[in-house]
2 protein chains.
Amino acid sequence: MADLPKHVDVHEEGPREGFQIEAGPIPTADKVELINALAECGLHHIQVCSFVNPRLVPGWADAEAVCQALVPKPGVDFTALWFNENGLNRALAFADRLVLSGGISLAASNAFTQKNLNRSHAENLDAMRRQTQVHLQHGIAVDRIAVMAAFGCNYQGDISPAQVVQTVADGMAVAAEAGCTIDKLMLADTMGWATPIRIERGLGAVRERWPNLPISLHLHDTRGLAVANAHAGLRLGVTQFDTTVGGLGGCPFAGQKGAAGNICTEELVLLCEEMGIETGVDLDRLIEVGRMAERIVGHMLPSELIRAGSLNAFRRKAA
Amino acid sequence: MADLPKHVDVHEEGPREGFQIEAGPIPTADKVELINALAECGLHHIQVCSFVNPRLVPGWADAEAVCQALVPKPGVDFTALWFNENGLNRALAFADRLVLSGGISLAASNAFTQKNLNRSHAENLDAMRRQTQVHLQHGIAVDRIAVMAAFGCNYQGDISPAQVVQTVADGMAVAAEAGCTIDKLMLADTMGWATPIRIERGLGAVRERWPNLPISLHLHDTRGLAVANAHAGLRLGVTQFDTTVGGLGGCPFAGQKGAAGNICTEELVLLCEEMGIETGVDLDRLIEVGRMAERIVGHMLPSELIRAGSLNAFRRKAA
């Protein structure tokens with residue numbers, strides 16, 4: 001386990017992922033309460049909203065209201081998601097309280113790009129060239145490449161490590177043209193195809209080509225293997241994970257109605273703690289926030305740990 | 001991954017674990033339908049019932065009726081659970097259709113033994129001596145040692161690998177006194193304390209002492225890490241797992257109301273398939289049985305895979 005990291009950076013995306021998929025409406029005040037509670041858990045990165053078309057994603061019609069109500073906290077970066085210039089402009093209005101950075105977002109599956117964005121991969125590269133310019137014009141650095149469907153795709157089936165490497169290389173070319181320096185790669189298991197062996201192969205191929213670039217994993221628990229996949233990633237030195245408290249979220253893609261959301265933040269934190277990897281997160285406090293998330297959405301969340309409680313909680317009782 | 005097994009033996013315990021914990025009552029015909037459907041999936045071992053006191057476990061008051069209704073199938077071993085001579089006698093009545101074998105069941109946690117059985121560890125060893133004799137008198141071989149709470153305990157906290165080794169050694173002494181040959185060890189994560197590192201340490205210590213004895217893992221998904229724990233076990237050459245379809249079951253022990261049950265059979269099978277390990281199980285068929293189990297118990301089961309469907313199902317669509 002020579003590659004095991006000393007520290008893992010947990011990017012909490014529960015508010016953004018969770019509230020976009022719930023039938024709702026969920027009161028703005030509840031969203032803000034959850035975000036503020038997360039900020040008290042020792043998390044340093046919390047994605048708080050999505051600046052998307054409210055007709056398409058009614059759950060984020062109140063993105064501005066949520067941002068206005070945030071209580072800034074030293075050491076906690078609040079981030080947001082957007083997909084176009086309109087979204088970026090809405091985010092820029094909160095440049096005083098959001099940490100804004102741009103990414104080049106591609107998919108390793110052409111079929112996914114076509115279905116999800118109605119573009120070919122080449123057209124998507126062009127769109128990313130334009131979007132990169134827009135970011136730079138607004139003074140926002142473009143410093144990461146994200147690869148969706150990196151481990152398999154509902155529309156295309158298996159995705160080879162070579163396809164992932166080619167997708168990253170395509171993104172690197174877009175960045176180089178614009179004079180941007182990429183300092184992070186994100187591999188997303190968008191539709192829950194990852195398994196430990198696919199993580200090892202995909203991640204291995206990317207690390208072989210770009211040995212010095214930190215890699216972030218965005219895992220979904222669609223088929224119940226997210227924690228095993230995270231474990232495989234940790235053993236290969238992954239230092240950043242996107243997670244959602246309680247396992248908030250879901251999968252909006254074909255044929256997976258009712259599918260689980262992202263890997264649960266608290267289960268990843270437990271795994272890291274047990275492996276001697278620091279996260280800075282107070283697990284018992286986070287578990288309480290997971291229970292709060294369940295009350296807010298009004299139905300059971302996938303997290304098992306919020307029902308069982310931490311090992312430390314039982315250790316204290318046993319002592 | 002030199003220790004990776006070629007084949008894994010899946011012991012399906014969904015009927016026994018699941019129907020004992022459901023509020024019920026669940027009709028006998030539904031139980032039998034589920035068992036027969038499981039037998040059509042390529043599973044070779046199915047634990048079909050528990051011969052326990054019906055006042056304590058009303059869900060298994062119909063154990064005899066279930067056994068009577070079973071359709072024997074070549075290549076499928078139907079097994080049952082019992083804890084005392086009365087239970088053994090009830091099982092013996094179905095010696096024509098059940099595969100009966102005896103075990104020495106201990107716990108690595110003295111506090112658990114005391115709370116669960118109202119016995120000290122020494123008293124439990126005495127009880128196992130007597131029970132071994134009873135089995136032998138009935139012509140039933142005693143060929144395995146099971147260690148509960150092998151990775152931690154709600155009542156005692158952490159359990160060291162040395163405690164697990166000592167517990168197995170105590171069981172070996174009971175077997176040796178009775179002239180029994182132990183050919184399998186089972187380590188049970190009774191209250192969901194296992195994490196990959198605990199699996200590696202506990203299993204490592206046991207294998208160092210008894211390098212040639214096959215080890216079976218009985219994992220609970222209490223804190224969401226069961227699949228990661230199974231992955232760690234597979235890498236250490238574990239060749240047998242107890243599982244439950246759909247994740248049927250739960251945890252009846254202190255402070256874990258609503259906790260998840262055993263590792264889902266279908267998620268373990270997916271993991272094995274992806275690692276190139278044979279199980280003989282038809283995953284798509286098993287997923288359908290998981291959905292049947294959900295209909296029978298009348299509430300959502302923990303399995304994510306029964307909602308998402310297998311990778312093969314999507315591969316066929318994508319092709």
# chains A, B, ... in the order shown; residues from 1 in each chain; ligands from 1
$ residues_around --residues "Val168 of chain A" --least-positions-apart "6" --cutoff "10 Å" --atoms "only C-alpha atoms" --output "VMD selection string"
chain A and resid 104 to 108 145 to 147 162 174 185 to 187 206 209 to 210
$ closest_atom_pairs --of "chain B" --to "chain A" --cutoff "7 Å" --atoms "only C-alpha atoms" --output "Markdown table"
| residue | atom | partner | partner_atom | distance |
| --- | --- | --- | --- | --- |
| B:Asn154 | CA | A:Phe314 | CA | 5.6 |
| B:Tyr155 | CA | A:Ala318 | CA | 5.1 |
| B:Gln156 | CA | A:Ala318 | CA | 5.1 |
| B:Gly157 | CA | A:Arg315 | CA | 4.8 |
| B:Trp193 | CA | A:Leu311 | CA | 6.9 |
| B:Thr195 | CA | A:Leu271 | CA | 6.9 |
| B:Ile197 | CA | A:Met275 | CA | 6.5 |
| B:Thr222 | CA | A:Glu304 | CA | 6.0 |
| B:Arg223 | CA | A:Leu305 | CA | 4.3 |
| B:Gly224 | CA | A:Glu304 | CA | 5.2 |
| B:Leu225 | CA | A:Val227 | CA | 6.3 |
| B:Val227 | CA | A:Ala228 | CA | 5.8 |
| B:Ala228 | CA | A:Ala228 | CA | 3.9 |
| B:His231 | CA | A:Ala228 | CA | 6.7 |
| B:Gln256 | CA | A:Ala308 | CA | 5.1 |
| B:Gly258 | CA | A:Arg307 | CA | 6.3 |
| B:Ala259 | CA | A:Ala308 | CA | 5.5 |
| B:Ala260 | CA | A:Glu304 | CA | 6.3 |
| B:Glu267 | CA | A:Gly224 | CA | 6.4 |
| B:Leu271 | CA | A:Thr195 | CA | 6.9 |
| B:Glu274 | CA | A:Ile197 | CA | 6.9 |
| B:Met275 | CA | A:Ile197 | CA | 6.5 |
| B:Ser303 | CA | A:Gly224 | CA | 6.9 |
| B:Glu304 | CA | A:Arg223 | CA | 5.1 |
| B:Leu305 | CA | A:Arg223 | CA | 4.3 |
| B:Arg307 | CA | A:Ala259 | CA | 5.8 |
| B:Ala308 | CA | A:Gln256 | CA | 5.1 |
| B:Leu311 | CA | A:Trp193 | CA | 6.9 |
| B:Phe314 | CA | A:Asn154 | CA | 5.6 |
| B:Arg315 | CA | A:Gly157 | CA | 4.8 |
| B:Ala318 | CA | A:Gln156 | CA | 5.1 |
$ atom_distance --atom1 "atom CA of Leu283 of chain A" --atom2 "atom CA of Leu43 of chain A"
10.4 Å
$ select_by_dssp --residues "segment 247-293 of chain B" --states "alpha helix (DSSP H)" --output "PyMOL selection string"
chain B and resi 265-274+283-293
$ select_by_dssp --residues "segment 127-260 of chain B" --states "strand (DSSP E)" --output "mmCIF file with N, CA and C atoms, in the first residue's frame"
data_model
loop_
_atom_site.group_PDB
_atom_site.id
_atom_site.type_symbol
_atom_site.label_atom_id
_atom_site.label_comp_id
_atom_site.auth_asym_id
_atom_site.auth_seq_id
_atom_site.Cartn_x
_atom_site.Cartn_y
_atom_site.Cartn_z
ATOM 1 N N VAL B 142 -19.232 -32.675 13.134
ATOM 2 C CA VAL B 142 -18.957 -31.291 13.562
ATOM 3 C C VAL B 142 -17.652 -30.902 12.883
ATOM 4 N N ASP B 143 -17.759 -30.040 11.871
ATOM 5 C CA ASP B 143 -16.598 -29.836 11.003
ATOM 6 C C ASP B 143 -16.202 -28.376 10.811
ATOM 7 N N ARG B 144 -16.848 -27.486 11.528
ATOM 8 C CA ARG B 144 -16.469 -26.066 11.361
ATOM 9 C C ARG B 144 -16.502 -25.326 12.689
ATOM 10 N N ILE B 145 -15.737 -24.269 12.720
ATOM 11 C CA ILE B 145 -15.750 -23.350 13.863
ATOM 12 C C ILE B 145 -16.193 -21.994 13.340
ATOM 13 N N ALA B 146 -17.166 -21.407 14.026
ATOM 14 C CA ALA B 146 -17.627 -20.071 13.656
ATOM 15 C C ALA B 146 -17.285 -19.102 14.780
ATOM 16 N N VAL B 147 -16.753 -17.960 14.406
ATOM 17 C CA VAL B 147 -16.390 -16.936 15.393
ATOM 18 C C VAL B 147 -17.214 -15.677 15.137
ATOM 19 N N MET B 148 -18.148 -15.399 16.045
ATOM 20 C CA MET B 148 -18.951 -14.180 15.956
ATOM 21 C C MET B 148 -18.121 -12.987 16.437
ATOM 22 N N LYS B 184 -13.250 -26.147 8.177
ATOM 23 C CA LYS B 184 -13.604 -24.788 7.736
ATOM 24 C C LYS B 184 -13.757 -23.860 8.921
ATOM 25 N N LEU B 185 -13.272 -22.632 8.734
ATOM 26 C CA LEU B 185 -13.468 -21.592 9.741
ATOM 27 C C LEU B 185 -14.416 -20.543 9.166
ATOM 28 N N MET B 186 -15.273 -20.030 10.008
ATOM 29 C CA MET B 186 -16.130 -18.926 9.584
ATOM 30 C C MET B 186 -15.909 -17.765 10.523
ATOM 31 N N LEU B 187 -15.587 -16.605 9.928
ATOM 32 C CA LEU B 187 -15.434 -15.390 10.715
ATOM 33 C C LEU B 187 -16.626 -14.493 10.417
ATOM 34 N N ALA B 188 -17.355 -14.126 11.455
ATOM 35 C CA ALA B 188 -18.579 -13.345 11.263
ATOM 36 C C ALA B 188 -18.410 -11.927 11.794
ATOM 37 N N ILE B 215 -11.378 -20.342 4.783
ATOM 38 C CA ILE B 215 -12.084 -19.398 5.646
ATOM 39 C C ILE B 215 -13.296 -18.847 4.909
ATOM 40 N N SER B 216 -14.388 -18.810 5.644
ATOM 41 C CA SER B 216 -15.613 -18.228 5.120
ATOM 42 C C SER B 216 -15.867 -16.908 5.842
ATOM 43 N N LEU B 217 -16.357 -15.897 5.104
ATOM 44 C CA LEU B 217 -16.695 -14.616 5.732
ATOM 45 C C LEU B 217 -18.207 -14.421 5.748
ATOM 46 N N HIS B 218 -18.692 -14.059 6.915
ATOM 47 C CA HIS B 218 -20.110 -13.725 7.083
ATOM 48 C C HIS B 218 -20.143 -12.228 7.388
ATOM 49 N N GLN B 240 -15.293 -18.503 0.417
ATOM 50 C CA GLN B 240 -16.709 -18.684 0.720
ATOM 51 C C GLN B 240 -17.282 -17.490 1.464
ATOM 52 N N PHE B 241 -18.464 -17.097 1.058
ATOM 53 C CA PHE B 241 -19.143 -15.975 1.700
ATOM 54 C C PHE B 241 -20.579 -16.369 2.003
ATOM 55 N N ASP B 242 -21.052 -15.931 3.169
ATOM 56 C CA ASP B 242 -22.479 -15.986 3.454
ATOM 57 C C ASP B 242 -23.077 -14.671 2.968
ATOM 58 N N THR B 243 -24.176 -14.743 2.255
ATOM 59 C CA THR B 243 -24.785 -13.544 1.682
ATOM 60 C C THR B 243 -26.303 -13.678 1.759
#
$ atom_distance --atom1 "atom CA of Ile159 of chain A" --atom2 "atom CA of Val289 of chain B"
28.7 Å
$ residues_around --residues "Glu33 of chain A" --least-positions-apart "5" --cutoff "9 Å" --atoms "only C-alpha atoms" --output "list in words"
Thr28, Leu38 and Leu70 of chain A
$ write_last_selection --atoms "N, CA and C atoms" --output "PDB file, in the first residue's frame"
ATOM      1  N   THR A  28     -35.865  26.761   0.893  1.00  0.00           N
ATOM      2  CA  THR A  28     -34.524  27.334   0.842  1.00  0.00           C
ATOM      3  C   THR A  28     -33.859  27.287   2.218  1.00  0.00           C
ATOM      4  N   LEU A  38     -23.078  21.298   7.460  1.00  0.00           N
ATOM      5  CA  LEU A  38     -21.937  20.606   6.835  1.00  0.00           C
ATOM      6  C   LEU A  38     -20.643  21.377   7.075  1.00  0.00           C
ATOM      7  N   LEU A  70     -25.983  32.085   2.625  1.00  0.00           N
ATOM      8  CA  LEU A  70     -24.836  31.349   3.172  1.00  0.00           C
ATOM      9  C   LEU A  70     -24.095  32.158   4.225  1.00  0.00           C
TER      10      LEU A  70
END
$ atom_distance --atom1 "atom CA of Cys67 of chain B" --atom2 "atom CA of Asn36 of chain B"
11.4 Å
